[in-house]
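Contents: one structure, followed by commentary.
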Amino acid sequence: MGTHLITGAGSGIGEAVTERLAERDEELWLLARDAGRARELEGRFPGVRAVVGDLADPDKLSWALGQQALPDRLDSLLHIAGVVDLGGVAELTPKVWSRQLAVNLISPAELTRLLLPQLRAAQGHVVFVNSGAGLRANAQWGPYAASKHGLKALADALRWEESGHGVRVTTVYPGRTATPMQVKVHQQEGKEYDPERWMTAGSVATTVLAALDLPRDAEITDLSVRPLA
């Protein structure tokens with residue numbers, strides 16, 4: 001049984017990964033943005049432990065985690081939380097850019113930094129659930145794509161830096177997935193949402209678990225998964 005800390009466990013891909021790991025009786029720690037969300041997650045997933053930390057405010061993560069019990073070892077840290085707001089470069093304000101960079105890039109970097117001792121102790125695995133936007137940037141997707149391109153760079157640098165400690169690093173790049181975030185994206189695009197067109201969150205969860213379950217003598221570095229057209 002492994003010990004895992006998951007962000008974004010409340011919905012979409014994060015929820016699907018949490019359900020899969022819970023079915024395997026793994027020890028789960030879930031990051032929640034506030035105490036109310038923490039109680040909600042602990043009620044939804046019996047046996048898990050919630051840790052409170054707001055990814056929108058990365059400067060306070062160190063203080064927040066320092067006030068709470070944390071596992072001594074981590075077999076994996078799963079970065080799955082994310083936010084998206086579309087718009088053109090000509091119209092978006094620094095507030096929109098800052099929020100997406102904070103949640104999607106800076107907080108994953110800070111959370112990883114804070115939990116590296118536990119990951120090193122277990123020779124654990126850091127998984128970044130990125131996006132197709134982490135490999136290309138389309139019109140209206142500037143801030144989100146910038147945050148996800150940065151997340152790829154973070155993962156690549158971390159892999160080189162931590163390989164000597166036995167820490168594995170994987171980036172998963174899902175295409176469009178039928179999640180609440182995708183509903184929001186379609187609303188912003190002004191398009192009708194049809195979940196049947198896209199992958200399920202469970203399909204992406206299967207991909208994440210495949211990376212986690214790989215034997216210790218190998219590492220999946222980058223893995224793209226797309227809806228079957």
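Letters A, B, ... go to the chains of the structure tokens in the order shown; residues in each chain start at 1; ligands are counted from 1 in the same order.
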Test item: residues at most 7 Å from A:Gln123, only C-alpha atoms, excluding those fewer than 6 positions along its chain, as a PyMOL selection string: chain A and resi 75+165-167
Any chance you can output those residues with C-alpha atoms as a PDB file, in the first residue's frame?
ATOM      1  CA  ASP A  75       5.076   7.319  -2.773  1.00  0.00           C
ATOM      2  CA  HIS A 165      17.473  10.599  -5.184  1.00  0.00           C
ATOM      3  CA  GLY A 166      15.461   7.927  -6.995  1.00  0.00           C
ATOM      4  CA  VAL A 167      12.464  10.232  -7.518  1.00  0.00           C
TER       5      VAL A 167
END
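Every protein, DNA or RNA residue with an atom at most 12 Å from A:Trp97, where only C-alpha atoms count and chain neighbours fewer than 3 positions away do not, is listed here: Ala56, Val83, Val84, Asp85, Leu86, Gly87, Gly88, Val89, Glu91, Leu92, Thr93, Pro94, Gln100, Leu101, Ala102, Val103, Asn104, Leu105, Trp141, Gly142, Pro143, Tyr144, Ala145, Ala146 and Ser147 of chain A.
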Residues of the last selection are to be written out with N, CA and C atoms, as a PDB file, in the first residue's frame.
ATOM      1  N   ALA A  56      -4.245  29.014  -4.954  1.00  0.00           N
ATOM      2  CA  ALA A  56      -4.300  30.368  -5.505  1.00  0.00           C
ATOM      3  C   ALA A  56      -3.395  31.327  -4.753  1.00  0.00           C
ATOM      4  N   VAL A  83      -6.856  25.573 -13.148  1.00  0.00           N
ATOM      5  CA  VAL A  83      -7.907  26.525 -13.497  1.00  0.00           C
ATOM      6  C   VAL A  83      -7.656  27.025 -14.908  1.00  0.00           C
ATOM      7  N   VAL A  84      -8.722  27.462 -15.568  1.00  0.00           N
ATOM      8  CA  VAL A  84      -8.599  27.988 -16.927  1.00  0.00           C
ATOM      9  C   VAL A  84      -9.554  29.152 -17.123  1.00  0.00           C
ATOM     10  N   ASP A  85      -9.047  30.213 -17.732  1.00  0.00           N
ATOM     11  CA  ASP A  85      -9.853  31.348 -18.173  1.00  0.00           C
ATOM     12  C   ASP A  85      -9.338  31.763 -19.538  1.00  0.00           C
ATOM     13  N   LEU A  86     -10.200  31.687 -20.527  1.00  0.00           N
ATOM     14  CA  LEU A  86      -9.800  31.986 -21.892  1.00  0.00           C
ATOM     15  C   LEU A  86      -9.925  33.481 -22.181  1.00  0.00           C
ATOM     16  N   GLY A  87      -9.204  33.914 -23.194  1.00  0.00           N
ATOM     17  CA  GLY A  87      -9.291  35.303 -23.630  1.00  0.00           C
ATOM     18  C   GLY A  87      -8.058  35.690 -24.418  1.00  0.00           C
ATOM     19  N   GLY A  88      -8.194  36.734 -25.208  1.00  0.00           N
ATOM     20  CA  GLY A  88      -7.092  37.191 -26.034  1.00  0.00           C
ATOM     21  C   GLY A  88      -6.072  37.999 -25.252  1.00  0.00           C
ATOM     22  N   VAL A  89      -4.850  38.006 -25.740  1.00  0.00           N
ATOM     23  CA  VAL A  89      -3.786  38.772 -25.106  1.00  0.00           C
ATOM     24  C   VAL A  89      -4.153  40.246 -25.035  1.00  0.00           C
ATOM     25  N   GLU A  91      -6.891  41.593 -24.329  1.00  0.00           N
ATOM     26  CA  GLU A  91      -7.950  41.940 -23.388  1.00  0.00           C
ATOM     27  C   GLU A  91      -7.721  41.454 -21.965  1.00  0.00           C
ATOM     28  N   LEU A  92      -6.858  40.498 -21.748  1.00  0.00           N
ATOM     29  CA  LEU A  92      -6.713  39.897 -20.428  1.00  0.00           C
ATOM     30  C   LEU A  92      -5.857  40.765 -19.507  1.00  0.00           C
ATOM     31  N   THR A  93      -6.274  40.850 -18.242  1.00  0.00           N
ATOM     32  CA  THR A  93      -5.586  41.666 -17.251  1.00  0.00           C
ATOM     33  C   THR A  93      -4.527  40.838 -16.518  1.00  0.00           C
ATOM     34  N   PRO A  94      -3.606  41.497 -15.824  1.00  0.00           N
ATOM     35  CA  PRO A  94      -2.621  40.758 -15.031  1.00  0.00           C
ATOM     36  C   PRO A  94      -3.261  39.833 -13.996  1.00  0.00           C
ATOM     37  N   GLN A 100      -3.916  32.063 -13.010  1.00  0.00           N
ATOM     38  CA  GLN A 100      -3.631  30.794 -13.679  1.00  0.00           C
ATOM     39  C   GLN A 100      -2.187  30.361 -13.464  1.00  0.00           C
ATOM     40  N   LEU A 101      -1.270  31.308 -13.469  1.00  0.00           N
ATOM     41  CA  LEU A 101       0.124  30.957 -13.196  1.00  0.00           C
ATOM     42  C   LEU A 101       0.297  30.474 -11.761  1.00  0.00           C
ATOM     43  N   ALA A 102      -0.423  31.087 -10.829  1.00  0.00           N
ATOM     44  CA  ALA A 102      -0.311  30.687  -9.421  1.00  0.00           C
ATOM     45  C   ALA A 102      -0.799  29.264  -9.217  1.00  0.00           C
ATOM     46  N   VAL A 103      -2.006  28.970  -9.683  1.00  0.00           N
ATOM     47  CA  VAL A 103      -2.603  27.657  -9.441  1.00  0.00           C
ATOM     48  C   VAL A 103      -1.944  26.570 -10.276  1.00  0.00           C
ATOM     49  N   ASN A 104      -1.675  26.873 -11.521  1.00  0.00           N
ATOM     50  CA  ASN A 104      -1.232  25.844 -12.467  1.00  0.00           C
ATOM     51  C   ASN A 104       0.276  25.614 -12.480  1.00  0.00           C
ATOM     52  N   LEU A 105       1.064  26.572 -11.986  1.00  0.00           N
ATOM     53  CA  LEU A 105       2.513  26.449 -12.099  1.00  0.00           C
ATOM     54  C   LEU A 105       3.249  26.722 -10.784  1.00  0.00           C
ATOM     55  N   TRP A 141      -5.945  31.031 -25.617  1.00  0.00           N
ATOM     56  CA  TRP A 141      -5.466  30.129 -24.568  1.00  0.00           C
ATOM     57  C   TRP A 141      -4.138  30.591 -23.976  1.00  0.00           C
ATOM     58  N   GLY A 142      -3.734  31.842 -24.189  1.00  0.00           N
ATOM     59  CA  GLY A 142      -2.409  32.311 -23.793  1.00  0.00           C
ATOM     60  C   GLY A 142      -2.017  32.046 -22.355  1.00  0.00           C
ATOM     61  N   PRO A 143      -2.761  32.549 -21.350  1.00  0.00           N
ATOM     62  CA  PRO A 143      -2.336  32.345 -19.958  1.00  0.00           C
ATOM     63  C   PRO A 143      -2.321  30.876 -19.550  1.00  0.00           C
ATOM     64  N   TYR A 144      -3.350  30.135 -19.936  1.00  0.00           N
ATOM     65  CA  TYR A 144      -3.412  28.722 -19.565  1.00  0.00           C
ATOM     66  C   TYR A 144      -2.253  27.959 -20.204  1.00  0.00           C
ATOM     67  N   ALA A 145      -2.037  28.187 -21.498  1.00  0.00           N
ATOM     68  CA  ALA A 145      -0.945  27.493 -22.188  1.00  0.00           C
ATOM     69  C   ALA A 145       0.404  27.896 -21.613  1.00  0.00           C
ATOM     70  N   ALA A 146       0.564  29.162 -21.272  1.00  0.00           N
ATOM     71  CA  ALA A 146       1.827  29.603 -20.673  1.00  0.00           C
ATOM     72  C   ALA A 146       2.078  28.874 -19.355  1.00  0.00           C
ATOM     73  N   SER A 147       1.026  28.737 -18.549  1.00  0.00           N
ATOM     74  CA  SER A 147       1.189  28.035 -17.271  1.00  0.00           C
ATOM     75  C   SER A 147       1.519  26.567 -17.493  1.00  0.00           C
TER      76      SER A 147
END
Test item, helix (DSSP H, G or I) assignment across stretch 154-221 of chain A, answer as a PyMOL selection string: chain A and resi 154-165+180-189+195-197+201-212
Excluding A:Asp57 and any residue of its chain fewer than 4 positions from it, enumerate the residues within 10 Å of it, using only C-alpha atoms, and give them as a PDB file with N, CA, C and O atoms, in the first residue's frame.
ATOM      1  N   ARG A  33      -8.705  23.476  -0.534  1.00  0.00           N
ATOM      2  CA  ARG A  33      -8.417  24.917  -0.493  1.00  0.00           C
ATOM      3  C   ARG A  33      -8.810  25.570   0.818  1.00  0.00           C
ATOM      4  O   ARG A  33      -8.284  26.634   1.167  1.00  0.00           O
ATOM      5  N   GLY A  53      -4.697  23.907   2.016  1.00  0.00           N
ATOM      6  CA  GLY A  53      -3.731  24.813   1.407  1.00  0.00           C
ATOM      7  C   GLY A  53      -4.324  25.371   0.129  1.00  0.00           C
ATOM      8  O   GLY A  53      -4.842  24.613  -0.696  1.00  0.00           O
ATOM      9  N   LEU A  61       1.527  28.638   1.237  1.00  0.00           N
ATOM     10  CA  LEU A  61       1.497  27.181   1.334  1.00  0.00           C
ATOM     11  C   LEU A  61       2.460  26.661   2.396  1.00  0.00           C
ATOM     12  O   LEU A  61       2.140  25.731   3.142  1.00  0.00           O
ATOM     13  N   ARG A  99      -3.554  34.517 -11.666  1.00  0.00           N
ATOM     14  CA  ARG A  99      -4.289  33.426 -11.035  1.00  0.00           C
ATOM     15  C   ARG A  99      -3.950  32.093 -11.690  1.00  0.00           C
ATOM     16  O   ARG A  99      -3.721  31.087 -10.997  1.00  0.00           O
ATOM     17  N   ALA A 102      -0.423  31.087 -10.829  1.00  0.00           N
ATOM     18  CA  ALA A 102      -0.311  30.687  -9.421  1.00  0.00           C
ATOM     19  C   ALA A 102      -0.799  29.264  -9.217  1.00  0.00           C
ATOM     20  O   ALA A 102      -0.106  28.429  -8.614  1.00  0.00           O
ATOM     21  N   VAL A 103      -2.006  28.970  -9.683  1.00  0.00           N
ATOM     22  CA  VAL A 103      -2.603  27.657  -9.441  1.00  0.00           C
ATOM     23  C   VAL A 103      -1.944  26.570 -10.276  1.00  0.00           C
ATOM     24  O   VAL A 103      -1.682  25.462  -9.787  1.00  0.00           O
ATOM     25  N   ILE A 106       3.022  27.900 -10.199  1.00  0.00           N
ATOM     26  CA  ILE A 106       3.826  28.280  -9.036  1.00  0.00           C
ATOM     27  C   ILE A 106       3.508  27.396  -7.831  1.00  0.00           C
ATOM     28  O   ILE A 106       4.413  26.940  -7.119  1.00  0.00           O
ATOM     29  N   SER A 107       2.225  27.135  -7.588  1.00  0.00           N
ATOM     30  CA  SER A 107       1.870  26.270  -6.455  1.00  0.00           C
ATOM     31  C   SER A 107       2.354  24.840  -6.631  1.00  0.00           C
ATOM     32  O   SER A 107       2.843  24.239  -5.664  1.00  0.00           O
TER      33      SER A 107
END
One-decimal distance in Å that lies between atom CA of A:Arg44 and atom CA of A:Val169: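 Taking atom CA of A:Val169 and atom CA of A:Arg44, their separation equals 28.7 Å.
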A:Thr112, A:Ser62, A:Thr206, A:Asn130 ranked by distance to A:Glu162, top pick (using only C-alpha atoms):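 Answer, going by the shortest atom-to-atom distance: A:Thr112.
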Close residues, A:Met199 itself excluded, 8 Å, only C-alpha atoms, min 2 positions apart in chain, as an MDAnalysis selection string: chainID A and resid 175:178 195:197 201 203:204 226:228
For A:Leu78: contacts at 10 Å, only C-alpha atoms, fewer than 5 positions along chain excluded, given as a PyMOL selection string: chain A and resi 4-9+14+17-18+30+108+112+125-129+170+208+212
Residue set, stretch 41-182 of chain A restricted to strand (DSSP E), as a VMD selection string: chain A and resid 49 to 52 76 to 79 125 to 129 168 to 174 177 to 178
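Take atom CA of A:Lys148 and atom CA of A:Ala133: the distance between them is 6.4 Å.
Put simply, atom CA of A:Leu223 is 23.2 Å away from atom CA of A:Ala122.
Shortest separation to A:His79 among A:Leu55, A:Gln67, A:Val183, A:Leu21 occurs at residue A:Leu55, atoms counted being only C-alpha atoms.
Proximity to A:Gly124 was assessed for A:His186, A:Ala69, A:Met1, A:Arg168 counting only C-alpha atoms; the smallest distance is recorded for A:Arg168.
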Residue neighbourhood A:Ala50, 10 Å, only C-alpha atoms, exclusion window fewer than 2 positions, as a PyMOL selection string: chain A and resi 5-6+28-35+37-42+45+47-48+52-53+68-70
For A:Gly202, the nearest of the candidates A:Arg20, A:Lys184, A:Lys95, A:His149, counting only C-alpha atoms: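 Looking only at the distances to A:Gly202, the closest residue turns out to be A:Arg20.
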